[in-house]
file run02.txt (compact mmCIF, C-alpha atoms)
# COMPACT_ATOMS: atom_id res chain seq x y z
CA MET T 1281 33.10 -22.16 -40.24
CA PRO T 1282 31.88 -24.80 -39.66
CA THR T 1283 31.54 -25.76 -43.30
CA ILE T 1284 29.75 -28.90 -44.42
CA THR T 1285 30.47 -30.32 -47.87
CA VAL T 1286 28.20 -33.01 -49.29
CA GLU T 1287 29.40 -35.14 -52.19
CA GLY T 1288 26.47 -36.96 -53.76
CA PRO T 1289 24.52 -37.63 -56.94
CA PRO T 1290 22.55 -34.82 -58.66
CA ILE T 1291 19.37 -33.80 -56.79
CA ASP T 1292 16.58 -31.26 -57.44
CA ILE T 1293 16.41 -27.86 -55.74
CA GLY T 1294 13.72 -28.95 -53.29
CA ARG T 1295 16.03 -31.57 -51.84
CA LYS T 1296 18.93 -29.13 -51.77
CA ARG T 1297 16.80 -26.73 -49.79
CA GLU T 1298 15.87 -29.44 -47.31
CA LEU T 1299 19.45 -30.70 -47.07
CA VAL T 1300 20.85 -27.25 -46.31
CA LYS T 1301 18.16 -26.45 -43.76
CA ARG T 1302 18.46 -29.68 -41.83
CA LEU T 1303 22.24 -30.15 -41.92
CA THR T 1304 22.57 -26.58 -40.66
CA GLU T 1305 20.18 -27.25 -37.76
CA VAL T 1306 22.24 -30.28 -36.71
CA ALA T 1307 25.53 -28.39 -36.97
CA ILE T 1308 24.25 -25.43 -34.93
CA GLU T 1309 23.08 -27.76 -32.17
CA VAL T 1310 26.29 -29.79 -32.04
CA TYR T 1311 28.82 -26.95 -32.43
CA LYS T 1312 26.84 -24.17 -30.69
CA ILE T 1313 28.04 -21.91 -33.51
CA GLU T 1314 25.61 -19.96 -35.66
CA HIS T 1315 27.49 -19.36 -38.89
CA ILE T 1316 27.22 -22.56 -40.95
CA THR T 1317 27.97 -22.95 -44.66
CA VAL T 1318 26.82 -25.97 -46.68
CA LEU T 1319 28.27 -26.87 -50.07
CA ILE T 1320 26.44 -29.39 -52.23
CA ARG T 1321 28.42 -31.13 -54.94
CA GLU T 1322 26.58 -33.08 -57.60
CA ASN T 1323 28.69 -35.80 -59.18
CA PRO T 1324 27.63 -37.32 -62.53
CA PRO T 1325 27.51 -41.14 -62.41
CA GLU T 1326 30.41 -41.43 -64.82
CA ASN T 1327 32.68 -39.56 -62.41
CA VAL T 1328 32.17 -41.81 -59.40
CA GLY T 1329 33.51 -45.30 -58.92
CA VAL T 1330 32.50 -47.71 -56.18
CA ASN T 1331 34.47 -50.90 -55.71
CA GLY T 1332 36.28 -50.41 -58.98
CA GLN T 1333 33.26 -49.77 -61.17
CA LEU T 1334 31.78 -46.52 -62.45
CA ILE T 1335 28.26 -45.91 -61.16
CA ALA T 1336 27.36 -45.12 -64.80
CA ASP T 1337 28.24 -48.71 -65.73
CA ARG T 1338 25.99 -50.46 -63.26
CA LYS T 1339 22.96 -48.24 -63.66
CA ARG T 1340 20.85 -50.94 -65.32
CA PRO T 1341 19.68 -53.49 -62.72
CA LYS T 1342 19.17 -51.00 -59.93
CA MET J 1418 36.45 -45.23 -46.86
CA PRO J 1419 39.10 -45.10 -48.21
CA THR J 1420 38.04 -42.44 -50.69
CA ILE J 1421 40.28 -41.32 -53.54
CA THR J 1422 39.64 -37.95 -55.19
CA VAL J 1423 41.38 -37.12 -58.45
CA GLU J 1424 41.60 -33.51 -59.60
CA GLY J 1425 42.56 -33.38 -63.26
CA PRO J 1426 41.63 -32.11 -66.71
CA PRO J 1427 38.52 -33.44 -68.51
CA ILE J 1428 38.88 -37.04 -69.79
CA ASP J 1429 36.61 -39.42 -71.72
CA ILE J 1430 34.61 -42.21 -70.10
CA GLY J 1431 37.05 -44.92 -71.18
CA ARG J 1432 39.83 -43.31 -69.22
CA LYS J 1433 37.55 -42.76 -66.25
CA ARG J 1434 36.71 -46.45 -66.27
CA GLU J 1435 40.38 -47.39 -66.35
CA LEU J 1436 41.28 -44.84 -63.67
CA VAL J 1437 38.62 -46.10 -61.28
CA LYS J 1438 39.48 -49.75 -61.85
CA ARG J 1439 43.22 -49.36 -61.38
CA LEU J 1440 43.25 -46.85 -58.52
CA THR J 1441 40.86 -49.12 -56.68
CA GLU J 1442 43.12 -52.14 -57.17
CA VAL J 1443 46.07 -50.24 -55.73
CA ALA J 1444 44.06 -48.99 -52.76
CA ILE J 1445 42.71 -52.45 -51.93
CA GLU J 1446 46.22 -53.90 -51.95
CA VAL J 1447 47.75 -51.15 -49.82
CA TYR J 1448 44.94 -50.71 -47.30
CA LYS J 1449 43.62 -54.30 -47.23
CA ILE J 1450 40.15 -52.77 -47.21
CA GLU J 1451 37.57 -53.67 -49.84
CA HIS J 1452 35.23 -50.71 -49.92
CA ILE J 1453 36.90 -48.03 -52.08
CA THR J 1454 35.24 -44.96 -53.57
CA VAL J 1455 36.85 -42.92 -56.35
CA LEU J 1456 35.74 -39.40 -57.26
CA ILE J 1457 36.91 -37.88 -60.53
CA ARG J 1458 36.84 -34.12 -60.87
CA GLU J 1459 37.25 -32.55 -64.26
CA ASN J 1460 38.58 -29.02 -64.13
CA PRO J 1461 38.21 -26.74 -67.17
CA PRO J 1462 41.54 -25.12 -68.17
CA GLU J 1463 40.30 -21.67 -67.23
CA ASN J 1464 39.77 -22.79 -63.63
CA VAL J 1465 43.29 -24.05 -62.97
CA GLY J 1466 46.40 -21.95 -62.52
CA VAL J 1467 49.94 -23.25 -62.45
CA ASN J 1468 52.75 -20.93 -61.44
CA GLY J 1469 50.49 -17.92 -61.63
CA GLN J 1470 49.06 -18.55 -65.08
CA LEU J 1471 45.73 -20.08 -66.13
CA ILE J 1472 46.18 -23.31 -68.11
CA ALA J 1473 43.70 -21.81 -70.60
CA ASP J 1474 46.18 -19.02 -71.31
CA ARG J 1475 49.17 -21.17 -72.21
CA LYS J 1476 47.32 -23.75 -74.30
CA ARG J 1477 48.94 -22.68 -77.57
CA PRO J 1478 52.59 -23.83 -77.69
CA LYS J 1479 52.07 -27.09 -75.84
CA MET Y 211 47.90 -31.31 -61.49
CA PRO Y 212 46.61 -33.96 -61.57
CA THR Y 213 46.38 -34.21 -57.78
CA ILE Y 214 45.22 -37.37 -56.02
CA THR Y 215 43.93 -37.13 -52.46
CA VAL Y 216 43.45 -40.31 -50.44
CA GLU Y 217 41.27 -40.24 -47.34
CA GLY Y 218 41.90 -43.35 -45.25
CA PRO Y 219 42.88 -44.71 -41.86
CA PRO Y 220 46.42 -44.18 -40.48
CA ILE Y 221 49.10 -46.27 -42.24
CA ASP Y 222 52.87 -46.70 -41.81
CA ILE Y 223 55.44 -45.00 -44.02
CA GLY Y 224 56.15 -48.14 -46.05
CA ARG Y 225 52.56 -48.27 -47.21
CA LYS Y 226 52.55 -44.55 -47.91
CA ARG Y 227 55.61 -44.99 -50.10
CA GLU Y 228 53.92 -47.81 -52.01
CA LEU Y 229 50.65 -45.89 -52.32
CA VAL Y 230 52.35 -42.82 -53.75
CA LYS Y 231 54.48 -44.78 -56.16
CA ARG Y 232 51.67 -46.88 -57.56
CA LEU Y 233 48.89 -44.29 -57.69
CA THR Y 234 51.30 -42.02 -59.54
CA GLU Y 235 52.10 -44.74 -62.09
CA VAL Y 236 48.40 -45.24 -62.79
CA ALA Y 237 47.74 -41.50 -63.10
CA ILE Y 238 50.66 -40.97 -65.50
CA GLU Y 239 49.41 -43.78 -67.74
CA VAL Y 240 45.81 -42.60 -67.79
CA TYR Y 241 46.37 -38.86 -68.06
CA LYS Y 242 49.62 -38.92 -70.08
CA ILE Y 243 50.79 -36.12 -67.79
CA GLU Y 244 54.00 -36.39 -65.81
CA HIS Y 245 53.52 -34.05 -62.89
CA ILE Y 246 51.41 -35.90 -60.30
CA THR Y 247 50.92 -34.95 -56.65
CA VAL Y 248 49.52 -37.38 -54.07
CA LEU Y 249 48.16 -36.28 -50.70
CA ILE Y 250 47.58 -38.89 -48.01
CA ARG Y 251 45.18 -38.02 -45.21
CA GLU Y 252 45.08 -40.19 -42.13
CA ASN Y 253 41.78 -40.02 -40.29
CA PRO Y 254 41.56 -41.21 -36.67
CA PRO Y 255 38.70 -43.72 -36.14
CA GLU Y 256 36.82 -41.29 -33.94
CA ASN Y 257 36.60 -38.79 -36.80
CA VAL Y 258 34.98 -41.08 -39.34
CA GLY Y 259 31.42 -42.31 -39.34
CA VAL Y 260 30.02 -45.03 -41.55
CA ASN Y 261 26.27 -45.59 -41.64
CA GLY Y 262 25.74 -43.36 -38.64
CA GLN Y 263 28.34 -44.91 -36.35
CA LEU Y 264 31.88 -43.80 -35.53
CA ILE Y 265 34.50 -46.32 -36.64
CA ALA Y 266 35.97 -45.94 -33.12
CA ASP Y 267 32.75 -47.35 -31.67
CA ARG Y 268 32.62 -50.55 -33.66
CA LYS Y 269 36.31 -51.47 -33.45
CA ARG Y 270 35.73 -54.54 -31.29
CA PRO Y 271 34.23 -57.39 -33.35
CA LYS Y 272 36.03 -56.63 -36.58
CA MET D 602 52.31 -28.23 -53.63
CA PRO D 603 51.33 -25.82 -52.19
CA THR D 604 47.87 -26.04 -53.72
CA ILE D 605 45.26 -23.34 -53.17
CA THR D 606 41.59 -24.17 -53.72
CA VAL D 607 39.05 -21.36 -53.89
CA GLU D 608 35.37 -22.14 -53.43
CA GLY D 609 33.28 -19.22 -54.60
CA PRO D 610 30.48 -18.05 -56.89
CA PRO D 611 30.92 -18.11 -60.69
CA ILE D 612 33.29 -15.41 -62.02
CA ASP D 613 34.50 -14.37 -65.49
CA ILE D 614 37.88 -15.34 -66.92
CA GLY D 615 39.42 -11.94 -66.26
CA ARG D 616 38.84 -12.31 -62.55
CA LYS D 617 40.11 -15.88 -62.62
CA ARG D 618 43.30 -14.67 -64.26
CA GLU D 619 43.76 -12.03 -61.59
CA LEU D 620 42.91 -14.42 -58.77
CA VAL D 621 45.45 -17.01 -59.92
CA LYS D 622 48.17 -14.44 -60.46
CA ARG D 623 47.78 -12.72 -57.12
CA LEU D 624 47.13 -15.74 -54.90
CA THR D 625 50.22 -17.34 -56.41
CA GLU D 626 52.35 -14.28 -55.63
CA VAL D 627 51.24 -14.35 -51.99
CA ALA D 628 51.89 -18.10 -51.68
CA ILE D 629 55.37 -17.85 -53.19
CA GLU D 630 56.30 -15.09 -50.76
CA VAL D 631 54.95 -16.85 -47.68
CA TYR D 632 56.10 -20.41 -48.45
CA LYS D 633 59.30 -19.56 -50.38
CA ILE D 634 58.29 -22.34 -52.76
CA GLU D 635 57.92 -21.71 -56.48
CA HIS D 636 55.54 -24.41 -57.65
CA ILE D 637 52.00 -23.22 -56.80
CA THR D 638 48.74 -24.63 -58.16
CA VAL D 639 45.43 -22.78 -57.86
CA LEU D 640 42.07 -24.44 -58.35
CA ILE D 641 38.98 -22.28 -58.80
CA ARG D 642 35.62 -23.83 -58.09
CA GLU D 643 32.48 -22.07 -59.18
CA ASN D 644 29.44 -23.00 -57.15
CA PRO D 645 25.94 -22.26 -58.51
CA PRO D 646 23.78 -20.37 -55.96
CA GLU D 647 21.42 -23.32 -55.59
CA ASN D 648 24.29 -25.50 -54.34
CA VAL D 649 25.41 -23.27 -51.48
CA GLY D 650 23.63 -22.69 -48.21
CA VAL D 651 24.47 -20.03 -45.66
CA ASN D 652 22.79 -20.11 -42.28
CA GLY D 653 20.32 -22.72 -43.43
CA GLN D 654 19.17 -20.99 -46.61
CA LEU D 655 20.21 -21.54 -50.22
CA ILE D 656 21.89 -18.51 -51.75
CA ALA D 657 19.52 -19.01 -54.71
CA ASP D 658 16.58 -18.34 -52.40
CA ARG D 659 17.70 -14.99 -51.06
CA LYS D 660 19.00 -13.52 -54.31
CA ARG D 661 16.30 -10.84 -54.58
CA PRO D 662 16.84 -8.17 -51.92
CA LYS D 663 20.59 -8.19 -52.07
CA MET B 142 31.99 -18.19 -48.85
CA PRO B 143 34.33 -17.67 -50.60
CA THR B 144 36.50 -20.19 -48.79
CA ILE B 145 40.20 -20.59 -49.57
CA THR B 146 41.95 -23.81 -48.60
CA VAL B 147 45.73 -23.98 -48.70
CA GLU B 148 47.47 -27.35 -48.75
CA GLY B 149 51.14 -26.93 -47.91
CA PRO B 150 53.99 -27.96 -45.63
CA PRO B 151 53.96 -27.02 -41.91
CA ILE B 152 54.63 -23.31 -41.25
CA ASP B 153 54.90 -21.15 -38.10
CA ILE B 154 52.10 -18.95 -36.80
CA GLY B 155 53.67 -15.76 -38.13
CA ARG B 156 53.46 -17.05 -41.66
CA LYS B 157 49.92 -18.30 -41.11
CA ARG B 158 48.92 -14.84 -39.97
CA GLU B 159 50.46 -13.27 -43.06
CA LEU B 160 48.95 -15.89 -45.37
CA VAL B 161 45.43 -15.36 -44.00
CA LYS B 162 45.69 -11.58 -44.10
CA ARG B 163 46.99 -11.37 -47.64
CA LEU B 164 44.93 -14.13 -49.27
CA THR B 165 41.85 -12.51 -47.77
CA GLU B 166 42.76 -9.11 -49.21
CA VAL B 167 43.13 -10.62 -52.68
CA ALA B 168 39.84 -12.51 -52.42
CA ILE B 169 37.91 -9.44 -51.25
CA GLU B 170 39.23 -7.40 -54.17
CA VAL B 171 38.51 -10.06 -56.79
CA TYR B 172 35.12 -11.26 -55.53
CA LYS B 173 33.86 -7.96 -54.04
CA ILE B 174 32.56 -10.07 -51.15
CA GLU B 175 33.57 -9.36 -47.56
CA HIS B 176 33.13 -12.67 -45.78
CA ILE B 177 36.24 -14.77 -46.54
CA THR B 178 37.36 -17.91 -44.73
CA VAL B 179 40.88 -19.33 -45.07
CA LEU B 180 41.80 -22.86 -44.04
CA ILE B 181 45.46 -23.79 -43.72
CA ARG B 182 46.37 -27.44 -43.92
CA GLU B 183 49.83 -28.54 -42.86
CA ASN B 184 50.90 -31.80 -44.47
CA PRO B 185 53.81 -33.78 -42.99
CA PRO B 186 56.47 -34.66 -45.63
CA GLU B 187 55.68 -38.36 -45.32
CA ASN B 188 52.08 -37.74 -46.42
CA VAL B 189 52.85 -35.97 -49.68
CA GLY B 190 54.19 -37.52 -52.84
CA VAL B 191 55.47 -35.64 -55.85
CA ASN B 192 56.22 -37.52 -59.04
CA GLY B 193 55.93 -40.86 -57.29
CA GLN B 194 58.21 -40.13 -54.36
CA LEU B 195 57.40 -39.07 -50.79
CA ILE B 196 58.76 -35.63 -49.92
CA ALA B 197 60.14 -37.27 -46.75
CA ASP B 198 62.34 -39.49 -48.90
CA ARG B 199 64.06 -36.78 -50.89
CA LYS B 200 64.63 -34.31 -48.08
CA ARG B 201 68.41 -34.66 -48.04
CA PRO B 202 69.95 -33.16 -51.20
CA LYS B 203 67.50 -30.33 -51.59
CA MET N 1045 28.67 -42.03 -51.42
CA PRO N 1046 27.14 -39.70 -50.33
CA THR N 1047 30.05 -38.43 -48.26
CA ILE N 1048 29.68 -35.55 -45.83
CA THR N 1049 32.79 -33.66 -44.71
CA VAL N 1050 32.57 -31.28 -41.78
CA GLU N 1051 35.28 -28.67 -41.27
CA GLY N 1052 35.06 -27.25 -37.77
CA PRO N 1053 36.88 -26.59 -34.52
CA PRO N 1054 38.01 -29.50 -32.29
CA ILE N 1055 35.14 -31.25 -30.46
CA ASP N 1056 34.91 -34.16 -27.98
CA ILE N 1057 33.95 -37.70 -28.96
CA GLY N 1058 30.42 -37.35 -27.62
CA ARG N 1059 29.69 -34.55 -30.03
CA LYS N 1060 31.34 -36.43 -32.87
CA ARG N 1061 29.07 -39.37 -32.17
CA GLU N 1062 26.01 -37.14 -32.22
CA LEU N 1063 27.16 -35.30 -35.35
CA VAL N 1064 27.71 -38.54 -37.29
CA LYS N 1065 24.43 -40.06 -36.19
CA ARG N 1066 22.29 -37.04 -37.00
CA LEU N 1067 23.95 -35.91 -40.23
CA THR N 1068 23.62 -39.48 -41.48
CA GLU N 1069 19.90 -39.55 -40.66
CA VAL N 1070 19.36 -36.35 -42.64
CA ALA N 1071 21.37 -37.59 -45.61
CA ILE N 1072 19.52 -40.92 -45.74
CA GLU N 1073 16.17 -39.14 -45.74
CA VAL N 1074 17.11 -36.62 -48.42
CA TYR N 1075 19.07 -38.90 -50.76
CA LYS N 1076 17.13 -42.15 -50.12
CA ILE N 1077 20.54 -43.86 -50.13
CA GLU N 1078 21.70 -45.96 -47.20
CA HIS N 1079 25.49 -45.88 -47.42
CA ILE N 1080 26.63 -42.57 -45.88
CA THR N 1081 30.16 -41.66 -44.79
CA VAL N 1082 30.89 -38.70 -42.52
CA LEU N 1083 34.36 -37.20 -42.12
CA ILE N 1084 35.01 -34.82 -39.25
CA ARG N 1085 37.97 -32.48 -39.56
CA GLU N 1086 39.16 -30.62 -36.50
CA ASN N 1087 41.00 -27.41 -37.33
CA PRO N 1088 43.22 -25.76 -34.70
CA PRO N 1089 42.38 -22.04 -34.24
CA GLU N 1090 45.75 -21.00 -35.64
CA ASN N 1091 44.95 -22.69 -38.95
CA VAL N 1092 41.68 -20.90 -39.66
CA GLY N 1093 41.25 -17.32 -40.69
CA VAL N 1094 37.97 -15.42 -40.82
CA ASN N 1095 37.86 -12.00 -42.43
CA GLY N 1096 41.63 -11.81 -42.57
CA GLN N 1097 42.34 -12.72 -38.95
CA LEU N 1098 43.38 -16.04 -37.40
CA ILE N 1099 40.79 -17.40 -34.97
CA ALA N 1100 43.72 -17.93 -32.57
CA ASP N 1101 44.30 -14.18 -32.51
CA ARG N 1102 40.83 -13.10 -31.51
CA LYS N 1103 40.16 -15.77 -28.88
CA ARG N 1104 40.11 -13.32 -25.96
CA PRO N 1105 36.87 -11.30 -26.06
CA LYS N 1106 34.72 -14.23 -27.03
call {"tool": "encode", "arguments": {"input": "run02.txt", "output": "structure tokens"}}
result
Amino acid sequence: MPTITVEGPPIDIGRKRELVKRLTEVAIEVYKIEHITVLIRENPPENVGVNGQLIADRKRPK
Amino acid sequence: MPTITVEGPPIDIGRKRELVKRLTEVAIEVYKIEHITVLIRENPPENVGVNGQLIADRKRPK
Amino acid sequence: MPTITVEGPPIDIGRKRELVKRLTEVAIEVYKIEHITVLIRENPPENVGVNGQLIADRKRPK
Amino acid sequence: MPTITVEGPPIDIGRKRELVKRLTEVAIEVYKIEHITVLIRENPPENVGVNGQLIADRKRPK
Amino acid sequence: MPTITVEGPPIDIGRKRELVKRLTEVAIEVYKIEHITVLIRENPPENVGVNGQLIADRKRPK
Amino acid sequence: MPTITVEGPPIDIGRKRELVKRLTEVAIEVYKIEHITVLIRENPPENVGVNGQLIADRKRPK
């Protein structure tokens, strides 16, 4: 601990690397604790709903 | 926020659509807050244990 | 399982009762599974940030 | 409830079976409650960071 | 990692101590990994619903 | 979404403010998505175990 869990859309490994590196830096500075774990969860657009609608269903216009 | 996370077995996209729509309606009415996120997690039967037994191991009779 | 976790602001017991009753009804209909657990988490406004700002810090105008 | 969630690396079904059986035994003895659910989450090494580095990136020497 | 999260009712510190010690032993044996974190969450009976009813509302007979 | 959850020890509101602001900046840059939610969880030392021991039980030497 601390442990940081990030729920987001799928991303490539380069972004995961950057995410882990930078979130860890922030956590170390704020908590003054060295041991930080980061968990990245990639959620497919058909498993996430925002305002009552699946992200998979609005994909078009955006 | 609010965010609703549902841990369940795998389901098809039609049920996901219904789940997101209806859970969101309930949350809006109870919280009086518009911005609702729903996260659906699909757990394979070999990753869930109930009363000490994997769901994958009791699949037969049911 | 299924288990539904709701992350939201603090609410009174009447709303919790309604939330549990209605989310459970939806889950039973969608999953066709009887055993549903609902977990309500109440997050104080100083522990939630939206768009980089604590909810506790913007309380005024809204 | 109680529900036990285990975040770890991928494991085979034999270990899952053992994990569920034994964690459930411990929970029943400590809580004196029979109905225990265990959820196993398997995280790929490119989705977990420890001390700022992805597990996928340090795999070699270990 | 691995991290074990236990969602349950409130318990005293003696039981927490036992829970952490024993869950950790199981996890070390199954995963063959030394570094285990356990998080205990204590949920008040008015924040948990089972089968559509708050635990706080059925407390009596049981 | 994305949503970032931080499990850590209790911290004061100043640090929460900083944590939310900076984690959000990182997430916006990595995901290129504006709407970020951060949830801070404060775990009492008697509810967290590391390597089989409650943090509450080792407080002294540190």
call {"tool": "residues_around", "arguments": {"input": "run02.txt", "residues": "Thr215 of chain Y", "least_positions_apart": "6", "cutoff": "9 Å", "atoms": "only C-alpha atoms", "output": "list in words"}}
result
Thr1420, Ile1421, Thr1422, Val1423 and Glu1424 of chain J; Thr247, Val248, Leu249, Ile250 and Arg251 of chain Y
call {"tool": "residues_near_point", "arguments": {"input": "run02.txt", "point": "(53.6, -43.4, -54.9)", "cutoff": "9 Å", "atoms": "only C-alpha atoms", "output": "PyMOL selection string"}}
result
(chain Y and resi 226-235+248) or (chain B and resi 190-195)
call {"tool": "calpha_fit_and_write", "arguments": {"input": "run02.txt", "fixed": "chain T", "moving": "chain B", "output": "PDB file with C-alpha atoms, in the coordinates of the input"}}
result
ATOM      1  CA  MET B 142      33.106 -22.211 -40.250  1.00  0.00           C
ATOM      2  CA  PRO B 143      31.886 -24.845 -39.635  1.00  0.00           C
ATOM      3  CA  THR B 144      31.560 -25.775 -43.291  1.00  0.00           C
ATOM      4  CA  ILE B 145      29.746 -28.922 -44.414  1.00  0.00           C
ATOM      5  CA  THR B 146      30.466 -30.334 -47.858  1.00  0.00           C
ATOM      6  CA  VAL B 147      28.200 -33.008 -49.288  1.00  0.00           C
ATOM      7  CA  GLU B 148      29.395 -35.150 -52.180  1.00  0.00           C
ATOM      8  CA  GLY B 149      26.461 -36.946 -53.767  1.00  0.00           C
ATOM      9  CA  PRO B 150      24.519 -37.604 -56.957  1.00  0.00           C
ATOM     10  CA  PRO B 151      22.562 -34.786 -58.675  1.00  0.00           C
ATOM     11  CA  ILE B 152      19.375 -33.765 -56.817  1.00  0.00           C
ATOM     12  CA  ASP B 153      16.602 -31.202 -57.453  1.00  0.00           C
ATOM     13  CA  ILE B 154      16.430 -27.812 -55.765  1.00  0.00           C
ATOM     14  CA  GLY B 155      13.736 -28.902 -53.322  1.00  0.00           C
ATOM     15  CA  ARG B 156      16.017 -31.525 -51.875  1.00  0.00           C
ATOM     16  CA  LYS B 157      18.932 -29.098 -51.785  1.00  0.00           C
ATOM     17  CA  ARG B 158      16.810 -26.688 -49.794  1.00  0.00           C
ATOM     18  CA  GLU B 159      15.870 -29.405 -47.321  1.00  0.00           C
ATOM     19  CA  LEU B 160      19.446 -30.683 -47.082  1.00  0.00           C
ATOM     20  CA  VAL B 161      20.845 -27.219 -46.311  1.00  0.00           C
ATOM     21  CA  LYS B 162      18.146 -26.419 -43.773  1.00  0.00           C
ATOM     22  CA  ARG B 163      18.444 -29.657 -41.850  1.00  0.00           C
ATOM     23  CA  LEU B 164      22.223 -30.136 -41.938  1.00  0.00           C
ATOM     24  CA  THR B 165      22.553 -26.581 -40.669  1.00  0.00           C
ATOM     25  CA  GLU B 166      20.178 -27.241 -37.773  1.00  0.00           C
ATOM     26  CA  VAL B 167      22.215 -30.275 -36.726  1.00  0.00           C
ATOM     27  CA  ALA B 168      25.510 -28.393 -36.977  1.00  0.00           C
ATOM     28  CA  ILE B 169      24.238 -25.440 -34.932  1.00  0.00           C
ATOM     29  CA  GLU B 170      23.057 -27.763 -32.167  1.00  0.00           C
ATOM     30  CA  VAL B 171      26.267 -29.798 -32.045  1.00  0.00           C
ATOM     31  CA  TYR B 172      28.797 -26.974 -32.428  1.00  0.00           C
ATOM     32  CA  LYS B 173      26.825 -24.194 -30.674  1.00  0.00           C
ATOM     33  CA  ILE B 174      28.051 -21.924 -33.474  1.00  0.00           C
ATOM     34  CA  GLU B 175      25.632 -19.963 -35.645  1.00  0.00           C
ATOM     35  CA  HIS B 176      27.523 -19.364 -38.867  1.00  0.00           C
ATOM     36  CA  ILE B 177      27.234 -22.568 -40.944  1.00  0.00           C
ATOM     37  CA  THR B 178      28.001 -22.958 -44.639  1.00  0.00           C
ATOM     38  CA  VAL B 179      26.837 -25.965 -46.670  1.00  0.00           C
ATOM     39  CA  LEU B 180      28.277 -26.859 -50.061  1.00  0.00           C
ATOM     40  CA  ILE B 181      26.453 -29.375 -52.230  1.00  0.00           C
ATOM     41  CA  ARG B 182      28.423 -31.135 -54.915  1.00  0.00           C
ATOM     42  CA  GLU B 183      26.577 -33.058 -57.599  1.00  0.00           C
ATOM     43  CA  ASN B 184      28.687 -35.781 -59.180  1.00  0.00           C
ATOM     44  CA  PRO B 185      27.639 -37.287 -62.528  1.00  0.00           C
ATOM     45  CA  PRO B 186      27.486 -41.132 -62.415  1.00  0.00           C
ATOM     46  CA  GLU B 187      30.394 -41.407 -64.839  1.00  0.00           C
ATOM     47  CA  ASN B 188      32.670 -39.550 -62.406  1.00  0.00           C
ATOM     48  CA  VAL B 189      32.147 -41.807 -59.408  1.00  0.00           C
ATOM     49  CA  GLY B 190      33.479 -45.298 -58.938  1.00  0.00           C
ATOM     50  CA  VAL B 191      32.466 -47.699 -56.211  1.00  0.00           C
ATOM     51  CA  ASN B 192      34.410 -50.902 -55.732  1.00  0.00           C
ATOM     52  CA  GLY B 193      36.236 -50.434 -59.010  1.00  0.00           C
ATOM     53  CA  GLN B 194      33.229 -49.777 -61.210  1.00  0.00           C
ATOM     54  CA  LEU B 195      31.743 -46.500 -62.467  1.00  0.00           C
ATOM     55  CA  ILE B 196      28.223 -45.877 -61.178  1.00  0.00           C
ATOM     56  CA  ALA B 197      27.315 -45.101 -64.813  1.00  0.00           C
ATOM     57  CA  ASP B 198      28.190 -48.670 -65.755  1.00  0.00           C
ATOM     58  CA  ARG B 199      25.964 -50.444 -63.273  1.00  0.00           C
ATOM     59  CA  LYS B 200      22.910 -48.231 -63.591  1.00  0.00           C
ATOM     60  CA  ARG B 201      20.716 -50.859 -65.231  1.00  0.00           C
ATOM     61  CA  PRO B 202      19.848 -53.644 -62.762  1.00  0.00           C
ATOM     62  CA  LYS B 203      19.632 -51.470 -59.697  1.00  0.00           C
TER      63      LYS B 203
END
call {"tool": "axis_aligned_box", "arguments": {"input": "run02.txt", "around": "segment 1289-1301 of chain T", "padding_each_side": "8 Å", "output": "AutoDock Vina command-line options"}}
result
--center_x 19.1 --center_y -32.0 --center_z -51.2 --size_x 26.8 --size_y 27.2 --size_z 30.9
call {"tool": "atom_distance", "arguments": {"input": "run02.txt", "atom1": "atom CA of Pro150 of chain B", "atom2": "atom CA of Ile223 of chain Y"}}
result
17.2 Å
call {"tool": "atom_distance", "arguments": {"input": "run02.txt", "atom1": "atom CA of Arg1102 of chain N", "atom2": "atom CA of Met1281 of chain T"}}
result
14.8 Å
call {"tool": "residues_around", "arguments": {"input": "run02.txt", "residues": "Ala628 of chain D", "least_positions_apart": "5", "cutoff": "8 Å", "atoms": "all atoms listed in the file", "output": "CSV table (one decimal) with C-alpha atoms, in the coordinates of the input"}}
result
chain,number,residue,atom,x,y,z
D,603,PRO,CA,51.3,-25.8,-52.2
D,633,LYS,CA,59.3,-19.6,-50.4
D,634,ILE,CA,58.3,-22.3,-52.8
D,637,ILE,CA,52.0,-23.2,-56.8
B,160,LEU,CA,49.0,-15.9,-45.4
call {"tool": "atom_distance", "arguments": {"input": "run02.txt", "atom1": "atom CA of Ile152 of chain B", "atom2": "atom CA of Pro1089 of chain N"}}
result
14.2 Å
call {"tool": "closest_residue", "arguments": {"input": "run02.txt", "among": "T:Asp1337, T:Val1310, T:Asn1327, T:Asp1292", "to": "chain D", "atoms": "only C-alpha atoms"}}
result
T:Asp1292
call {"tool": "closest_residue", "arguments": {"input": "run02.txt", "among": "T:Ala1336, T:Tyr1311, T:Pro1290, T:Arg1295", "to": "chain J", "atoms": "only C-alpha atoms"}}
result
T:Ala1336
